[in-house]
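Just input02.pdb here, PDB, C-alpha atoms, pLDDT in the B column:
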```
ATOM      1  CA  MET A   1      34.025  37.757  25.932  1.00 63.00           C
ATOM      2  CA  SER A   2      35.921  39.602  23.227  1.00 79.00           C
ATOM      3  CA  ARG A   3      34.431  40.199  19.844  1.00 91.00           C
ATOM      4  CA  ILE A   4      36.319  39.710  16.605  1.00 92.00           C
ATOM      5  CA  THR A   5      36.863  42.921  14.759  1.00 97.00           C
ATOM      6  CA  ILE A   6      35.776  43.326  11.172  1.00 97.00           C
ATOM      7  CA  SER A   7      39.388  43.431   9.970  1.00 97.00           C
ATOM      8  CA  GLN A   8      40.157  40.195  11.844  1.00 97.00           C
ATOM      9  CA  ARG A   9      37.115  38.547  10.276  1.00 97.00           C
ATOM     10  CA  ILE A  10      38.221  39.740   6.819  1.00 98.00           C
ATOM     11  CA  ASN A  11      41.678  38.262   7.449  1.00 98.00           C
ATOM     12  CA  GLN A  12      40.112  34.953   8.489  1.00 98.00           C
ATOM     13  CA  LEU A  13      37.923  34.884   5.383  1.00 98.00           C
ATOM     14  CA  GLU A  14      40.866  35.709   3.122  1.00 98.00           C
ATOM     15  CA  ALA A  15      42.878  32.885   4.657  1.00 98.00           C
ATOM     16  CA  ARG A  16      39.932  30.519   4.154  1.00 98.00           C
ATOM     17  CA  LYS A  17      39.579  31.665   0.535  1.00 98.00           C
ATOM     18  CA  LYS A  18      43.282  31.030  -0.086  1.00 98.00           C
ATOM     19  CA  ALA A  19      43.017  27.534   1.408  1.00 98.00           C
ATOM     20  CA  LEU A  20      39.939  26.731  -0.703  1.00 98.00           C
ATOM     21  CA  GLN A  21      41.636  28.005  -3.876  1.00 98.00           C
ATOM     22  CA  ALA A  22      44.629  25.772  -3.181  1.00 98.00           C
ATOM     23  CA  ARG A  23      42.300  22.816  -2.625  1.00 98.00           C
ATOM     24  CA  LEU A  24      40.468  23.553  -5.882  1.00 98.00           C
ATOM     25  CA  GLY A  25      43.765  23.749  -7.772  1.00 98.00           C
ATOM     26  CA  LYS A  26      44.824  20.400  -6.367  1.00 98.00           C
ATOM     27  CA  GLN A  27      41.481  18.859  -7.365  1.00 98.00           C
ATOM     28  CA  GLU A  28      41.748  20.272 -10.909  1.00 98.00           C
ATOM     29  CA  ARG A  29      45.289  18.878 -11.292  1.00 98.00           C
ATOM     30  CA  ALA A  30      44.089  15.477 -10.091  1.00 98.00           C
ATOM     31  CA  HIS A  31      41.245  15.499 -12.647  1.00 98.00           C
ATOM     32  CA  ASP A  32      43.646  16.523 -15.411  1.00 98.00           C
ATOM     33  CA  THR A  33      46.040  13.715 -14.477  1.00 98.00           C
ATOM     34  CA  ARG A  34      43.210  11.178 -14.401  1.00 98.00           C
ATOM     35  CA  ARG A  35      42.021  12.275 -17.870  1.00 98.00           C
ATOM     36  CA  LYS A  36      45.545  11.872 -19.256  1.00 97.00           C
ATOM     37  CA  ILE A  37      45.905   8.425 -17.732  1.00 98.00           C
ATOM     38  CA  LEU A  38      42.579   7.251 -19.129  1.00 98.00           C
ATOM     39  CA  LEU A  39      43.288   8.662 -22.577  1.00 97.00           C
ATOM     40  CA  GLY A  40      46.700   7.008 -22.615  1.00 95.00           C
ATOM     41  CA  ALA A  41      45.179   3.718 -21.490  1.00 96.00           C
ATOM     42  CA  LEU A  42      42.650   3.890 -24.325  1.00 95.00           C
ATOM     43  CA  ILE A  43      45.349   4.553 -26.917  1.00 94.00           C
ATOM     44  CA  LEU A  44      47.531   1.721 -25.647  1.00 92.00           C
ATOM     45  CA  HIS A  45      44.525  -0.604 -25.534  1.00 93.00           C
ATOM     46  CA  ARG A  46      43.637   0.221 -29.160  1.00 92.00           C
ATOM     47  CA  LEU A  47      47.219  -0.361 -30.260  1.00 91.00           C
ATOM     48  CA  GLU A  48      47.400  -3.715 -28.497  1.00 90.00           C
ATOM     49  CA  THR A  49      43.934  -5.160 -29.021  1.00 88.00           C
ATOM     50  CA  GLY A  50      42.192  -3.016 -31.611  1.00 77.00           C
ATOM     51  CA  ASN A  51      39.900  -4.931 -33.967  1.00 84.00           C
ATOM     52  CA  ASP A  52      40.492  -2.433 -36.762  1.00 89.00           C
ATOM     53  CA  ARG A  53      44.092  -3.132 -37.792  1.00 89.00           C
ATOM     54  CA  ASP A  54      44.113  -0.262 -40.293  1.00 92.00           C
ATOM     55  CA  ALA A  55      43.050   2.245 -37.628  1.00 92.00           C
ATOM     56  CA  ALA A  56      45.620   0.850 -35.197  1.00 91.00           C
ATOM     57  CA  GLN A  57      48.337   1.176 -37.845  1.00 92.00           C
ATOM     58  CA  ARG A  58      47.339   4.774 -38.618  1.00 93.00           C
ATOM     59  CA  LEU A  59      47.375   5.551 -34.898  1.00 93.00           C
ATOM     60  CA  ARG A  60      50.811   3.955 -34.527  1.00 93.00           C
ATOM     61  CA  GLU A  61      52.150   5.959 -37.507  1.00 94.00           C
ATOM     62  CA  TRP A  62      50.693   9.179 -36.115  1.00 94.00           C
ATOM     63  CA  LEU A  63      52.294   8.526 -32.723  1.00 94.00           C
ATOM     64  CA  GLN A  64      55.624   7.755 -34.385  1.00 93.00           C
ATOM     65  CA  ARG A  65      55.448  11.141 -36.127  1.00 94.00           C
ATOM     66  CA  GLU A  66      54.239  13.182 -33.157  1.00 94.00           C
ATOM     67  CA  LEU A  67      55.859  11.665 -30.072  1.00 93.00           C
ATOM     68  CA  PRO A  68      59.506  12.451 -30.892  1.00 92.00           C
ATOM     69  CA  THR A  69      58.797  16.184 -31.022  1.00 93.00           C
ATOM     70  CA  PHE A  70      56.430  16.071 -28.031  1.00 94.00           C
ATOM     71  CA  LEU A  71      58.737  14.117 -25.716  1.00 93.00           C
ATOM     72  CA  THR A  72      61.661  16.357 -24.876  1.00 90.00           C
ATOM     73  CA  ARG A  73      63.303  14.436 -22.032  1.00 88.00           C
ATOM     74  CA  ASP A  74      65.407  11.341 -22.704  1.00 80.00           C
ATOM     75  CA  GLY A  75      63.737   9.515 -19.835  1.00 89.00           C
ATOM     76  CA  ASP A  76      60.322  10.134 -21.362  1.00 91.00           C
ATOM     77  CA  GLN A  77      61.450   9.008 -24.797  1.00 88.00           C
ATOM     78  CA  ALA A  78      62.841   5.813 -23.295  1.00 89.00           C
ATOM     79  CA  LEU A  79      59.344   4.920 -22.094  1.00 91.00           C
ATOM     80  CA  PHE A  80      58.176   4.672 -25.708  1.00 90.00           C
ATOM     81  CA  THR A  81      61.035   2.800 -27.371  1.00 89.00           C
ATOM     82  CA  ASP A  82      58.719  -0.161 -27.997  1.00 88.00           C
ATOM     83  CA  LEU A  83      56.402   2.109 -29.973  1.00 86.00           C
ATOM     84  CA  LEU A  84      58.954   4.388 -31.588  1.00 84.00           C
ATOM     85  CA  GLY A  85      61.815   1.985 -32.219  1.00 78.00           C
ATOM     86  CA  GLN A  86      64.041   3.168 -35.050  1.00 52.00           C
ATOM     87  CA  ALA A  87      61.397   5.686 -36.161  1.00 43.00           C
ATOM     88  CA  GLY A  88      61.949   7.703 -32.982  1.00 42.00           C
ATOM     89  CA  GLU A  89      65.610   8.161 -33.890  1.00 49.00           C
ATOM     90  CA  ASP A  90      64.744   9.237 -37.447  1.00 46.00           C
ATOM     91  CA  HIS A  91      62.539  12.065 -36.207  1.00 44.00           C
ATOM     92  CA  GLY A  92      65.026  13.585 -33.821  1.00 45.00           C
ATOM     93  CA  ALA A  93      66.321  16.080 -36.390  1.00 43.00           C
ATOM     94  CA  GLY A  94      62.949  17.123 -37.790  1.00 45.00           C
ATOM     95  CA  GLU A  95      59.607  16.158 -39.208  1.00 45.00           C
ATOM     96  CA  ARG A  96      59.127  13.486 -41.821  1.00 42.00           C
ATOM     97  CA  ALA A  97      57.184  14.295 -44.960  1.00 42.00           C
ATOM     98  CA  PRO A  98      53.673  12.731 -44.990  1.00 40.00           C
TER      99      PRO A  98
END
```

Can you dump the structure from the file as C-alpha cells?
Amino acid sequence: MSRITISQRINQLEARKKALQARLGKQERAHDTRRKILLGALILHRLETGNDRDAAQRLREWLQRELPTFLTRDGDQALFTDLLGQAGEDHGAGERAP
C-alpha cells in the first residue's frame, strides 16, 4: 500500500479549499440575490397596497428621482415604465431639483 506524500496531501487540501471557497461564494451570491428580491417585493407591495398614501407617494417620488440614474440598461429601464412613466424620460439628462 502506497502512502500519500505530504506534498500530495497539501495539493489535495488546497484543491478542497478552492472548491469550498467557490461554494461559499455561490452561497453568498444566492443570499444577496434573495435579499434584493425580498426588498424589491416589499417596496412594490408598499406602492401597491400601502395604507399610508403619503409615504407611498414619497417612496414613488424618490424612486422616480433615483431609478433613472441607477438603471443604465434600456432593458432594465423598460421594466419600470409603469413606475417611471414620463418622469423617467425627464431624468435622463440629469437630476431634478428637490

With the file shown as input, list the residues that the PyMOL selection byres ((chain A and resi 58-62) around 12) selects, as an mmCIF file with C-alpha atoms, in the frame of the given file.
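The result, written out as result_10.cif:
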```cif
data_model
loop_
_atom_site.group_PDB
_atom_site.id
_atom_site.type_symbol
_atom_site.label_atom_id
_atom_site.label_comp_id
_atom_site.auth_asym_id
_atom_site.auth_seq_id
_atom_site.Cartn_x
_atom_site.Cartn_y
_atom_site.Cartn_z
ATOM 1 C CA LEU A 42 42.650 3.890 -24.325
ATOM 2 C CA ILE A 43 45.349 4.553 -26.917
ATOM 3 C CA LEU A 44 47.531 1.721 -25.647
ATOM 4 C CA HIS A 45 44.525 -0.604 -25.534
ATOM 5 C CA ARG A 46 43.637 0.221 -29.160
ATOM 6 C CA LEU A 47 47.219 -0.361 -30.260
ATOM 7 C CA GLU A 48 47.400 -3.715 -28.497
ATOM 8 C CA GLY A 50 42.192 -3.016 -31.611
ATOM 9 C CA ASP A 52 40.492 -2.433 -36.762
ATOM 10 C CA ARG A 53 44.092 -3.132 -37.792
ATOM 11 C CA ASP A 54 44.113 -0.262 -40.293
ATOM 12 C CA ALA A 55 43.050 2.245 -37.628
ATOM 13 C CA ALA A 56 45.620 0.850 -35.197
ATOM 14 C CA GLN A 57 48.337 1.176 -37.845
ATOM 15 C CA LEU A 63 52.294 8.526 -32.723
ATOM 16 C CA GLN A 64 55.624 7.755 -34.385
ATOM 17 C CA ARG A 65 55.448 11.141 -36.127
ATOM 18 C CA GLU A 66 54.239 13.182 -33.157
ATOM 19 C CA LEU A 67 55.859 11.665 -30.072
ATOM 20 C CA PRO A 68 59.506 12.451 -30.892
ATOM 21 C CA THR A 69 58.797 16.184 -31.022
ATOM 22 C CA PHE A 80 58.176 4.672 -25.708
ATOM 23 C CA ASP A 82 58.719 -0.161 -27.997
ATOM 24 C CA LEU A 83 56.402 2.109 -29.973
ATOM 25 C CA LEU A 84 58.954 4.388 -31.588
ATOM 26 C CA GLY A 85 61.815 1.985 -32.219
ATOM 27 C CA ALA A 87 61.397 5.686 -36.161
ATOM 28 C CA GLY A 88 61.949 7.703 -32.982
ATOM 29 C CA GLU A 95 59.607 16.158 -39.208
ATOM 30 C CA ARG A 96 59.127 13.486 -41.821
ATOM 31 C CA PRO A 98 53.673 12.731 -44.990
#
```

To box segment 33-41 of chain A, take all atoms listed in the file, fit an axis-aligned box, add 3 Å on each side, and give centre and edge lengths in Å to one decimal, as JSON.
```
{"center_x": 44.4, "center_y": 8.7, "center_z": -18.5, "size_x": 10.7, "size_y": 16.0, "size_z": 14.2}
```

Would you work out the distance separating atom CA of Arg35 of chain A from atom CA of Asp74 of chain A, expressed in Å to one decimal?
-> 23.9 Å

To one decimal in Å, tell me the separation between atom CA of Asp32 of chain A and atom CA of Asn51 of chain A.
-> 28.6 Å

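Between atom CA of His31 of chain A and atom CA of Leu79 of chain A lies a distance of 23.0 Å.
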
Could you add N, CA and C atoms to segment 22-45 of chain A and give me the result as a PDB file, keeping the file's coordinate frame?
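Printed below is result.pdb as written:
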```
ATOM      1  N   ALA A  22      43.570  26.772  -3.085  1.00 98.00           N
ATOM      2  CA  ALA A  22      44.629  25.772  -3.181  1.00 98.00           C
ATOM      3  C   ALA A  22      44.028  24.374  -3.316  1.00 98.00           C
ATOM      4  N   ARG A  23      42.989  24.117  -2.560  1.00 98.00           N
ATOM      5  CA  ARG A  23      42.300  22.816  -2.625  1.00 98.00           C
ATOM      6  C   ARG A  23      41.674  22.597  -4.001  1.00 98.00           C
ATOM      7  N   LEU A  24      41.068  23.641  -4.553  1.00 98.00           N
ATOM      8  CA  LEU A  24      40.468  23.553  -5.882  1.00 98.00           C
ATOM      9  C   LEU A  24      41.540  23.299  -6.938  1.00 98.00           C
ATOM     10  N   GLY A  25      42.671  23.967  -6.834  1.00 98.00           N
ATOM     11  CA  GLY A  25      43.765  23.749  -7.772  1.00 98.00           C
ATOM     12  C   GLY A  25      44.269  22.318  -7.725  1.00 98.00           C
ATOM     13  N   LYS A  26      44.374  21.782  -6.531  1.00 98.00           N
ATOM     14  CA  LYS A  26      44.824  20.400  -6.367  1.00 98.00           C
ATOM     15  C   LYS A  26      43.814  19.442  -6.998  1.00 98.00           C
ATOM     16  N   GLN A  27      42.540  19.697  -6.801  1.00 98.00           N
ATOM     17  CA  GLN A  27      41.481  18.859  -7.365  1.00 98.00           C
ATOM     18  C   GLN A  27      41.504  18.922  -8.895  1.00 98.00           C
ATOM     19  N   GLU A  28      41.704  20.122  -9.451  1.00 98.00           N
ATOM     20  CA  GLU A  28      41.748  20.272 -10.909  1.00 98.00           C
ATOM     21  C   GLU A  28      42.955  19.543 -11.496  1.00 98.00           C
ATOM     22  N   ARG A  29      44.102  19.606 -10.821  1.00 98.00           N
ATOM     23  CA  ARG A  29      45.289  18.878 -11.292  1.00 98.00           C
ATOM     24  C   ARG A  29      45.061  17.376 -11.236  1.00 98.00           C
ATOM     25  N   ALA A  30      44.385  16.904 -10.205  1.00 98.00           N
ATOM     26  CA  ALA A  30      44.089  15.477 -10.091  1.00 98.00           C
ATOM     27  C   ALA A  30      43.161  15.023 -11.213  1.00 98.00           C
ATOM     28  N   HIS A  31      42.153  15.836 -11.541  1.00 98.00           N
ATOM     29  CA  HIS A  31      41.245  15.499 -12.647  1.00 98.00           C
ATOM     30  C   HIS A  31      41.994  15.486 -13.972  1.00 98.00           C
ATOM     31  N   ASP A  32      42.863  16.458 -14.182  1.00 98.00           N
ATOM     32  CA  ASP A  32      43.646  16.523 -15.411  1.00 98.00           C
ATOM     33  C   ASP A  32      44.537  15.287 -15.547  1.00 98.00           C
ATOM     34  N   THR A  33      45.189  14.903 -14.460  1.00 98.00           N
ATOM     35  CA  THR A  33      46.040  13.715 -14.477  1.00 98.00           C
ATOM     36  C   THR A  33      45.230  12.465 -14.777  1.00 98.00           C
ATOM     37  N   ARG A  34      44.071  12.344 -14.170  1.00 98.00           N
ATOM     38  CA  ARG A  34      43.210  11.178 -14.401  1.00 98.00           C
ATOM     39  C   ARG A  34      42.776  11.101 -15.860  1.00 98.00           C
ATOM     40  N   ARG A  35      42.407  12.245 -16.455  1.00 98.00           N
ATOM     41  CA  ARG A  35      42.021  12.275 -17.870  1.00 98.00           C
ATOM     42  C   ARG A  35      43.167  11.806 -18.758  1.00 98.00           C
ATOM     43  N   LYS A  36      44.381  12.264 -18.464  1.00 97.00           N
ATOM     44  CA  LYS A  36      45.545  11.872 -19.256  1.00 97.00           C
ATOM     45  C   LYS A  36      45.820  10.380 -19.136  1.00 97.00           C
ATOM     46  N   ILE A  37      45.688   9.854 -17.944  1.00 98.00           N
ATOM     47  CA  ILE A  37      45.905   8.425 -17.732  1.00 98.00           C
ATOM     48  C   ILE A  37      44.884   7.607 -18.509  1.00 98.00           C
ATOM     49  N   LEU A  38      43.620   7.998 -18.424  1.00 98.00           N
ATOM     50  CA  LEU A  38      42.579   7.251 -19.129  1.00 98.00           C
ATOM     51  C   LEU A  38      42.732   7.336 -20.644  1.00 98.00           C
ATOM     52  N   LEU A  39      43.074   8.508 -21.141  1.00 97.00           N
ATOM     53  CA  LEU A  39      43.288   8.662 -22.577  1.00 97.00           C
ATOM     54  C   LEU A  39      44.466   7.815 -23.044  1.00 97.00           C
ATOM     55  N   GLY A  40      45.545   7.841 -22.291  1.00 95.00           N
ATOM     56  CA  GLY A  40      46.700   7.008 -22.615  1.00 95.00           C
ATOM     57  C   GLY A  40      46.363   5.529 -22.569  1.00 95.00           C
ATOM     58  N   ALA A  41      45.588   5.126 -21.594  1.00 96.00           N
ATOM     59  CA  ALA A  41      45.179   3.718 -21.490  1.00 96.00           C
ATOM     60  C   ALA A  41      44.342   3.303 -22.695  1.00 96.00           C
ATOM     61  N   LEU A  42      43.454   4.181 -23.140  1.00 95.00           N
ATOM     62  CA  LEU A  42      42.650   3.890 -24.325  1.00 95.00           C
ATOM     63  C   LEU A  42      43.531   3.726 -25.559  1.00 95.00           C
ATOM     64  N   ILE A  43      44.470   4.628 -25.749  1.00 94.00           N
ATOM     65  CA  ILE A  43      45.349   4.553 -26.917  1.00 94.00           C
ATOM     66  C   ILE A  43      46.162   3.263 -26.886  1.00 94.00           C
ATOM     67  N   LEU A  44      46.752   2.949 -25.752  1.00 92.00           N
ATOM     68  CA  LEU A  44      47.531   1.721 -25.647  1.00 92.00           C
ATOM     69  C   LEU A  44      46.660   0.487 -25.870  1.00 92.00           C
ATOM     70  N   HIS A  45      45.452   0.511 -25.343  1.00 93.00           N
ATOM     71  CA  HIS A  45      44.525  -0.604 -25.534  1.00 93.00           C
ATOM     72  C   HIS A  45      44.212  -0.795 -27.018  1.00 93.00           C
TER      73      HIS A  45
END
```
